[in-house]
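Q: Take a look at this one; I'll ask things after.
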Amino acid sequence: MPKQKKKEMVVEAPAFGNRELELLKDTTGVETLDVFKAAEKIGRALSLLMIPAGALFSLLSLYGILVSMEFSFTDPLAIGALGFLGAINIFCGLILLARK
């Protein structure tokens with residue numbers, strides 16, 4: 001009895017031509033627009049935070065000058081307030097750099 005040859009099943013690979021084009025697509029314009037939108041939203045919120053914080057620190061500094069109050073760096077509240085102002089200023093600077 002002769003052996004019958006089994007037919008090989010040929011399965012064609014899916015075409016990845018469209019997928020390769022999608023992966024190579026330049027998306028820097030879309031990403032830049034997303035960064036600008038995020039920077040604008042965060043910038044508004046930080047501006048609303050920085051205005052009262054700056055006014056409060058200015059008034060406290062003016063009061064300290066007028067009454068000749070000694071400023072001590074050992075006070076945890078003063079260190080925390082200055083740290084908060086410094087951190088917000090750094091974050092605002094980074095947001096401004098992201099806009100460029």
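Quick note on naming: the chains in the structure tokens go A, B, ... in the order shown, residues restart at 1 in each chain, and ligands are numbered from 1 in order of appearance.
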To test your reading of the structure, identify every residue in chain A that backbone DSSP assigns to helix (DSSP H, G or I), and report it as a ChimeraX atom specification.
A: /A:17-23,28-66,76-99
Q: Keeping C-alpha atoms, export the residues of the selection given above as a PDB file, in the first residue's frame.
A:
ATOM      1  CA  GLY A  17       2.604  46.777   6.208  1.00  0.00           C
ATOM      2  CA  ASN A  18       0.019  49.117   7.720  1.00  0.00           C
ATOM      3  CA  ARG A  19       1.186  48.470  11.244  1.00  0.00           C
ATOM      4  CA  GLU A  20       4.789  49.305  10.408  1.00  0.00           C
ATOM      5  CA  LEU A  21       3.661  52.576   8.883  1.00  0.00           C
ATOM      6  CA  GLU A  22       1.701  53.413  12.034  1.00  0.00           C
ATOM      7  CA  LEU A  23       4.736  52.705  14.212  1.00  0.00           C
ATOM      8  CA  THR A  28       5.943  64.729  17.807  1.00  0.00           C
ATOM      9  CA  GLY A  29       3.384  67.340  16.761  1.00  0.00           C
ATOM     10  CA  VAL A  30       0.586  65.623  18.661  1.00  0.00           C
ATOM     11  CA  GLU A  31       2.779  65.083  21.713  1.00  0.00           C
ATOM     12  CA  THR A  32       3.909  68.702  21.669  1.00  0.00           C
ATOM     13  CA  LEU A  33       0.301  69.870  21.547  1.00  0.00           C
ATOM     14  CA  ASP A  34      -0.549  67.619  24.511  1.00  0.00           C
ATOM     15  CA  VAL A  35       2.363  69.041  26.507  1.00  0.00           C
ATOM     16  CA  PHE A  36       1.274  72.600  25.711  1.00  0.00           C
ATOM     17  CA  LYS A  37      -2.295  71.879  26.833  1.00  0.00           C
ATOM     18  CA  ALA A  38      -1.131  70.246  30.070  1.00  0.00           C
ATOM     19  CA  ALA A  39       1.317  73.084  30.772  1.00  0.00           C
ATOM     20  CA  GLU A  40      -1.438  75.641  30.246  1.00  0.00           C
ATOM     21  CA  LYS A  41      -3.804  73.908  32.688  1.00  0.00           C
ATOM     22  CA  ILE A  42      -1.133  73.410  35.338  1.00  0.00           C
ATOM     23  CA  GLY A  43       0.173  76.950  34.806  1.00  0.00           C
ATOM     24  CA  ARG A  44      -3.237  78.444  35.540  1.00  0.00           C
ATOM     25  CA  ALA A  45      -3.596  76.457  38.739  1.00  0.00           C
ATOM     26  CA  LEU A  46      -0.094  77.386  39.898  1.00  0.00           C
ATOM     27  CA  SER A  47      -0.701  81.040  39.092  1.00  0.00           C
ATOM     28  CA  LEU A  48      -3.811  81.005  41.259  1.00  0.00           C
ATOM     29  CA  LEU A  49      -1.739  79.440  44.022  1.00  0.00           C
ATOM     30  CA  MET A  50       1.308  81.699  43.675  1.00  0.00           C
ATOM     31  CA  ILE A  51      -0.549  85.027  43.795  1.00  0.00           C
ATOM     32  CA  PRO A  52      -1.976  84.608  47.323  1.00  0.00           C
ATOM     33  CA  ALA A  53       1.168  82.850  48.560  1.00  0.00           C
ATOM     34  CA  GLY A  54       3.373  85.687  47.299  1.00  0.00           C
ATOM     35  CA  ALA A  55       1.066  88.324  48.766  1.00  0.00           C
ATOM     36  CA  LEU A  56       1.044  86.537  52.128  1.00  0.00           C
ATOM     37  CA  PHE A  57       4.840  86.256  52.238  1.00  0.00           C
ATOM     38  CA  SER A  58       5.199  89.903  51.225  1.00  0.00           C
ATOM     39  CA  LEU A  59       2.859  91.037  54.012  1.00  0.00           C
ATOM     40  CA  LEU A  60       4.631  88.886  56.577  1.00  0.00           C
ATOM     41  CA  SER A  61       8.015  90.218  55.446  1.00  0.00           C
ATOM     42  CA  LEU A  62       6.769  93.804  55.652  1.00  0.00           C
ATOM     43  CA  TYR A  63       5.381  93.158  59.127  1.00  0.00           C
ATOM     44  CA  GLY A  64       8.687  91.619  60.210  1.00  0.00           C
ATOM     45  CA  ILE A  65      10.621  94.644  58.951  1.00  0.00           C
ATOM     46  CA  LEU A  66       8.302  97.174  60.587  1.00  0.00           C
ATOM     47  CA  PRO A  76       9.705  74.728  61.598  1.00  0.00           C
ATOM     48  CA  LEU A  77       6.828  76.844  60.294  1.00  0.00           C
ATOM     49  CA  ALA A  78       9.203  79.313  58.641  1.00  0.00           C
ATOM     50  CA  ILE A  79      11.285  76.517  57.128  1.00  0.00           C
ATOM     51  CA  GLY A  80       8.150  74.836  55.807  1.00  0.00           C
ATOM     52  CA  ALA A  81       6.810  78.072  54.329  1.00  0.00           C
ATOM     53  CA  LEU A  82      10.086  78.870  52.585  1.00  0.00           C
ATOM     54  CA  GLY A  83      10.367  75.292  51.345  1.00  0.00           C
ATOM     55  CA  PHE A  84       6.830  75.464  49.949  1.00  0.00           C
ATOM     56  CA  LEU A  85       7.536  78.728  48.154  1.00  0.00           C
ATOM     57  CA  GLY A  86      10.804  77.397  46.742  1.00  0.00           C
ATOM     58  CA  ALA A  87       9.227  74.160  45.513  1.00  0.00           C
ATOM     59  CA  ILE A  88       6.369  76.013  43.804  1.00  0.00           C
ATOM     60  CA  ASN A  89       8.837  78.412  42.159  1.00  0.00           C
ATOM     61  CA  ILE A  90      10.913  75.521  40.807  1.00  0.00           C
ATOM     62  CA  PHE A  91       7.799  73.782  39.516  1.00  0.00           C
ATOM     63  CA  CYS A  92       6.627  76.998  37.823  1.00  0.00           C
ATOM     64  CA  GLY A  93      10.021  77.319  36.137  1.00  0.00           C
ATOM     65  CA  LEU A  94       9.795  73.772  34.823  1.00  0.00           C
ATOM     66  CA  ILE A  95       6.311  74.478  33.451  1.00  0.00           C
ATOM     67  CA  LEU A  96       7.653  77.559  31.671  1.00  0.00           C
ATOM     68  CA  LEU A  97      10.446  75.464  30.157  1.00  0.00           C
ATOM     69  CA  ALA A  98       7.877  72.902  28.969  1.00  0.00           C
ATOM     70  CA  ARG A  99       6.018  75.635  27.096  1.00  0.00           C
TER      71      ARG A  99
END
